[in-house]
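See below for start18.pdb, which holds PDB, C-alpha atoms.
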```pdb
ATOM      1  CA  MET A   1      28.165 290.144 134.871
ATOM      2  CA  LYS A   2      31.844 289.234 134.994
ATOM      3  CA  LEU A   3      33.397 287.333 137.850
ATOM      4  CA  PHE A   4      36.697 289.179 137.558
ATOM      5  CA  ASP A   5      37.346 292.549 135.991
ATOM      6  CA  ASP A   6      40.306 293.119 133.669
ATOM      7  CA  ARG A   7      42.455 294.780 136.319
ATOM      8  CA  GLU A   8      42.122 291.740 138.655
ATOM      9  CA  ILE A   9      42.974 289.369 135.824
ATOM     10  CA  ASN A  10      46.096 291.438 134.986
ATOM     11  CA  ASP A  11      47.145 291.433 138.651
ATOM     12  CA  LEU A  12      46.753 287.632 138.769
ATOM     13  CA  GLU A  13      48.788 287.216 135.571
ATOM     14  CA  ASP A  14      51.537 289.428 136.988
ATOM     15  CA  TYR A  15      51.530 287.428 140.194
ATOM     16  CA  MET A  16      51.832 284.137 138.306
ATOM     17  CA  LEU A  17      54.666 285.527 136.179
ATOM     18  CA  ASN A  18      56.514 286.587 139.333
ATOM     19  CA  ILE A  19      56.184 283.064 140.762
ATOM     20  CA  PHE A  20      57.470 281.477 137.535
ATOM     21  CA  GLU A  21      60.381 283.949 137.390
ATOM     22  CA  LEU A  22      61.210 283.097 141.022
ATOM     23  CA  ILE A  23      61.162 279.371 140.243
ATOM     24  CA  GLN A  24      63.379 279.873 137.191
ATOM     25  CA  ALA A  25      65.830 282.029 139.140
ATOM     26  CA  HIS A  26      66.020 279.654 142.134
ATOM     27  CA  PRO A  27      64.979 276.121 141.076
ATOM     28  CA  TRP A  28      66.713 274.453 144.062
ATOM     29  CA  VAL A  29      64.613 276.431 146.506
ATOM     30  CA  PHE A  30      61.476 275.232 144.738
ATOM     31  CA  VAL A  31      62.708 271.591 144.679
ATOM     32  CA  GLY A  32      63.625 271.826 148.377
ATOM     33  CA  LEU A  33      60.194 273.212 149.217
ATOM     34  CA  ILE A  34      58.466 270.400 147.322
ATOM     35  CA  LEU A  35      60.676 267.783 149.055
ATOM     36  CA  ALA A  36      59.925 269.310 152.467
ATOM     37  CA  ILE A  37      56.189 269.091 151.769
ATOM     38  CA  ILE A  38      56.494 265.459 150.656
ATOM     39  CA  CYS A  39      58.600 264.520 153.712
ATOM     40  CA  GLY A  40      56.165 266.300 156.031
ATOM     41  CA  ALA A  41      53.222 264.451 154.497
ATOM     42  CA  PHE A  42      55.081 261.131 154.797
ATOM     43  CA  LEU A  43      55.902 261.716 158.476
ATOM     44  CA  PHE A  44      52.347 262.797 159.213
ATOM     45  CA  LEU A  45      50.901 259.658 157.610
ATOM     46  CA  ARG A  46      53.444 257.406 159.303
ATOM     47  CA  LYS A  47      52.696 258.848 162.728
ATOM     48  CA  GLY A  48      48.977 258.303 162.101
ATOM     49  CA  ARG A  49      49.607 254.640 161.285
ATOM     50  CA  GLU A  50      51.744 254.196 164.413
ATOM     51  CA  LYS A  51      48.948 255.624 166.567
ATOM     52  CA  GLN A  52      46.502 253.305 164.847
ATOM     53  CA  LYS A  53      48.752 250.320 165.608
ATOM     54  CA  GLU A  54      49.047 251.378 169.250
ATOM     55  CA  THR A  55      45.284 251.567 169.713
ATOM     56  CA  THR A  56      44.528 248.318 167.913
ATOM     57  CA  PRO A  57      44.209 245.671 170.625
ATOM     58  CA  VAL A  58      46.473 242.714 170.184
ATOM     59  CA  ALA A  59      44.790 239.374 170.691
ATOM     60  CA  PRO A  60      46.485 237.200 173.257
ATOM     61  CA  PRO A  61      48.256 234.176 171.866
ATOM     62  CA  PRO A  62      46.123 231.061 171.863
ATOM     63  CA  ILE A  63      46.424 228.905 174.944
ATOM     64  CA  ASP A  64      47.817 225.434 174.422
ATOM     65  CA  ALA A  65      45.634 223.659 176.963
ATOM     66  CA  PHE A  66      47.702 220.469 176.837
ATOM     67  CA  ALA A  67      51.101 222.111 177.320
ATOM     68  CA  GLU A  68      49.745 224.291 180.101
ATOM     69  CA  ALA A  69      48.145 221.312 181.902
ATOM     70  CA  ILE A  70      51.256 219.137 181.666
ATOM     71  CA  SER A  71      53.443 222.009 182.839
ATOM     72  CA  ALA A  72      51.120 222.622 185.815
ATOM     73  CA  ILE A  73      51.121 218.916 186.731
ATOM     74  CA  GLU A  74      54.927 218.771 186.567
ATOM     75  CA  SER A  75      55.141 221.908 188.691
ATOM     76  CA  LEU A  76      52.768 220.376 191.229
ATOM     77  CA  GLN A  77      54.864 217.196 191.256
ATOM     78  CA  ARG A  78      58.095 219.111 191.894
ATOM     79  CA  GLN A  79      56.780 221.152 194.828
ATOM     80  CA  VAL A  80      58.928 220.698 197.908
ATOM     81  CA  PRO A  81      57.595 220.230 200.467
ATOM     82  CA  ARG A  82      54.695 218.530 198.807
ATOM     83  CA  PRO A  83      51.326 220.063 199.719
ATOM     84  CA  ALA A  84      49.031 218.125 202.009
ATOM     85  CA  ALA A  85      46.677 215.701 200.262
ATOM     86  CA  LYS A  86      43.595 217.958 200.195
ATOM     87  CA  PRO A  87      45.232 221.081 198.686
ATOM     88  CA  PHE A  88      47.217 218.840 196.354
ATOM     89  CA  VAL A  89      44.054 217.182 195.016
ATOM     90  CA  PHE A  90      42.177 220.499 194.789
ATOM     91  CA  ARG A  91      45.004 221.855 192.595
ATOM     92  CA  LEU A  92      45.173 218.670 190.518
ATOM     93  CA  SER A  93      41.415 218.780 189.989
ATOM     94  CA  GLU A  94      41.694 222.429 188.947
ATOM     95  CA  ILE A  95      44.394 221.567 186.387
ATOM     96  CA  LEU A  96      42.297 218.776 184.893
ATOM     97  CA  ARG A  97      39.139 220.917 184.782
ATOM     98  CA  LEU A  98      40.976 223.841 183.175
ATOM     99  CA  TYR A  99      42.295 221.487 180.511
ATOM    100  CA  VAL A 100      38.785 220.194 179.769
ATOM    101  CA  GLU A 101      37.350 223.705 179.810
ATOM    102  CA  ARG A 102      39.938 225.151 177.431
ATOM    103  CA  LYS A 103      40.244 222.165 175.113
ATOM    104  CA  PHE A 104      36.619 221.052 174.869
ATOM    105  CA  LYS A 105      34.732 224.252 175.771
ATOM    106  CA  ILE A 106      32.933 222.715 178.748
ATOM    107  CA  ASN A 107      32.301 225.011 181.710
ATOM    108  CA  ALA A 108      34.096 222.674 184.094
ATOM    109  CA  MET A 109      35.311 224.995 186.834
ATOM    110  CA  GLU A 110      31.866 226.006 188.066
ATOM    111  CA  LYS A 111      30.447 222.486 188.301
ATOM    112  CA  THR A 112      30.309 219.914 191.053
ATOM    113  CA  GLY A 113      31.897 216.555 190.327
ATOM    114  CA  ASP A 114      28.545 215.028 189.333
ATOM    115  CA  GLU A 115      27.582 217.998 187.139
ATOM    116  CA  PHE A 116      30.986 217.895 185.483
ATOM    117  CA  LEU A 117      30.609 214.169 184.813
ATOM    118  CA  ARG A 118      27.163 214.733 183.256
ATOM    119  CA  GLU A 119      28.667 217.371 180.937
ATOM    120  CA  VAL A 120      31.402 214.928 179.945
ATOM    121  CA  MET A 121      28.807 212.238 179.160
ATOM    122  CA  LEU A 122      26.996 214.692 176.883
ATOM    123  CA  HIS A 123      30.133 215.832 175.054
ATOM    124  CA  PRO A 124      30.485 213.948 171.733
ATOM    125  CA  PHE A 125      34.269 213.646 171.998
ATOM    126  CA  LEU A 126      34.669 212.869 175.695
ATOM    127  CA  ARG A 127      31.748 210.511 176.249
ATOM    128  CA  ASP A 128      33.442 207.758 174.252
ATOM    129  CA  GLY A 129      36.352 206.437 176.260
ATOM    130  CA  PHE A 130      36.787 208.999 179.023
ATOM    131  CA  GLU A 131      33.734 208.647 181.217
ATOM    132  CA  GLN A 132      35.239 205.814 183.298
ATOM    133  CA  ILE A 133      38.632 207.409 183.933
ATOM    134  CA  LEU A 134      37.053 210.751 184.853
ATOM    135  CA  SER A 135      34.435 209.107 187.034
ATOM    136  CA  GLU A 136      37.141 207.302 189.012
ATOM    137  CA  PHE A 137      39.273 210.456 189.240
ATOM    138  CA  ILE A 138      36.359 212.526 190.534
ATOM    139  CA  SER A 139      35.229 209.858 192.993
ATOM    140  CA  ARG A 140      38.705 209.293 194.458
ATOM    141  CA  GLY A 141      39.438 213.024 194.422
ATOM    142  CA  ASP A 142      36.211 213.801 196.279
ATOM    143  CA  ASP A 143      37.124 211.146 198.846
ATOM    144  CA  VAL A 144      40.413 212.914 199.488
ATOM    145  CA  LYS A 145      38.973 216.434 199.415
ATOM    146  CA  TYR A 146      35.889 215.883 201.563
ATOM    147  CA  SER A 147      36.712 212.914 203.795
ATOM    148  CA  PRO A 148      37.843 213.366 207.388
ATOM    149  CA  HIS A 149      40.513 210.685 206.794
ATOM    150  CA  LEU A 150      44.098 211.683 206.149
ATOM    151  CA  PHE A 151      45.485 210.444 202.850
ATOM    152  CA  GLY A 152      49.133 209.960 202.017
ATOM    153  CA  ASP A 153      51.378 210.045 198.981
ATOM    154  CA  GLN A 154      50.117 206.737 197.639
ATOM    155  CA  GLU A 155      46.603 208.085 197.020
ATOM    156  CA  THR A 156      47.781 211.473 195.722
ATOM    157  CA  ASN A 157      50.303 209.791 193.395
ATOM    158  CA  ALA A 158      47.545 207.517 192.046
ATOM    159  CA  LEU A 159      45.343 210.565 191.404
ATOM    160  CA  LEU A 160      48.243 212.425 189.800
ATOM    161  CA  HIS A 161      48.894 209.470 187.507
ATOM    162  CA  SER A 162      45.179 209.160 186.692
ATOM    163  CA  GLY A 163      44.804 212.879 185.926
ATOM    164  CA  ARG A 164      47.887 212.976 183.738
ATOM    165  CA  GLU A 165      46.812 209.795 181.956
ATOM    166  CA  PHE A 166      43.422 211.350 181.141
ATOM    167  CA  ILE A 167      45.009 214.524 179.775
ATOM    168  CA  GLU A 168      47.545 212.615 177.655
ATOM    169  CA  LYS A 169      44.970 210.164 176.280
ATOM    170  CA  ALA A 170      42.448 212.920 175.522
ATOM    171  CA  GLU A 171      45.121 214.939 173.737
ATOM    172  CA  ALA A 172      46.301 211.934 171.720
ATOM    173  CA  LYS A 173      42.746 211.075 170.683
ATOM    174  CA  PHE A 174      42.052 214.716 169.826
ATOM    175  CA  ASN A 175      45.193 214.965 167.679
ATOM    176  CA  ASN A 176      44.407 211.663 165.926
ATOM    177  CA  GLN A 177      40.926 212.907 165.140
ATOM    178  CA  VAL A 178      42.294 216.167 163.735
ATOM    179  CA  VAL A 179      44.681 214.206 161.496
ATOM    180  CA  GLU A 180      41.830 211.942 160.305
ATOM    181  CA  ASP A 181      39.625 214.968 159.626
ATOM    182  CA  LEU A 182      42.385 216.451 157.445
ATOM    183  CA  ARG A 183      42.519 213.362 155.260
TER     184      ARG A 183
END
```

Since I need it in another form, could you write the structure as structure tokens?
Amino acid sequence: MKLFDDREINDLEDYMLNIFELIQAHPWVFVGLILAIICGAFLFLRKGREKQKETTPVAPPPIDAFAEAISAIESLQRQVPRPAAKPFVFRLSEILRLYVERKFKINAMEKTGDEFLREVMLHPFLRDGFEQILSEFISRGDDVKYSPHLFGDQETNALLHSGREFIEKAEAKFNNQVVEDLR
């Protein structure tokens, strides 16, 4: 049993000869057709890649906890009129806790002052050298936040200085440790 009979094979040969004669008679048409197919394939693939890029989520840039904390403290310092002592200290405490949370991966925002201090004492980096400064900051801050007394600029400035000092010292120690680890 034959797949094709002789007549079908002759028809196919005639068809192929007609195509070759057409190409020989008009080679630029054939070249143009080939180029159009190549360009179409290129555009199709390029559009597919662009769609793929659009749907690929872009990771947010990493947060520089130190730069963000210092910027927030400076912004708080520049506020005119200066917030009352309680809101001022709540914001300052938030800045310090966000720094600790982002830099040292401690869930600081959801903790009370005592719970936060316990976490700091358990953290291998922070427990050496920062327990005292944080303990004083939290104690004085809680006095301002929860006391019925009215506090003035002297107390808020001392807390601002203490909070900034902690952030700067922690960052310096962290950077020194990174440099030592690279050696």

Item checked: CA of Gly163 in chain A to CA of Arg118 in chain A, distance in Å rounded to a single decimal -> 17.9 Å

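In this structure, CA of Gly141 in chain A sits 8.0 Å away from CA of Phe90 in chain A.
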
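When the PyMOL selection byres ((chain A and resi 136-139) around 10) is evaluated against the file, it yields Ser93, Leu96, Thr112, Gly113, Asp114, Phe116, Leu117, Glu131, Gln132, Ile133, Leu134, Ser135, Arg140, Gly141, Asp142, Asp143, Val144, Lys145, Ala158, Leu159, Leu160, His161, Ser162, Gly163 and Phe166 of chain A.
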
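CA of Ile106 in chain A sits 8.0 Å away from CA of Val120 in chain A.
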
Next item on the list: Please write the residues picked by the PyMOL selection byres ((chain A and resi 103) around 10) on this file as a ChimeraX atom specification.
Entry: /A:63-66,97-102,104-106,170-171,174

Do you know which residues are at most 9 Å from Ala72 in chain A counting only C-alpha atoms, after dropping those on the same chain fewer than 5 positions away, and could you put them as a PDB file with C-alpha atoms, in the coordinates of the input?
```pdb
ATOM      1  CA  ALA A  67      51.101 222.111 177.320  1.00  0.00           C
ATOM      2  CA  GLN A  77      54.864 217.196 191.256  1.00  0.00           C
ATOM      3  CA  LEU A  92      45.173 218.670 190.518  1.00  0.00           C
ATOM      4  CA  ILE A  95      44.394 221.567 186.387  1.00  0.00           C
TER       5      ILE A  95
END
```
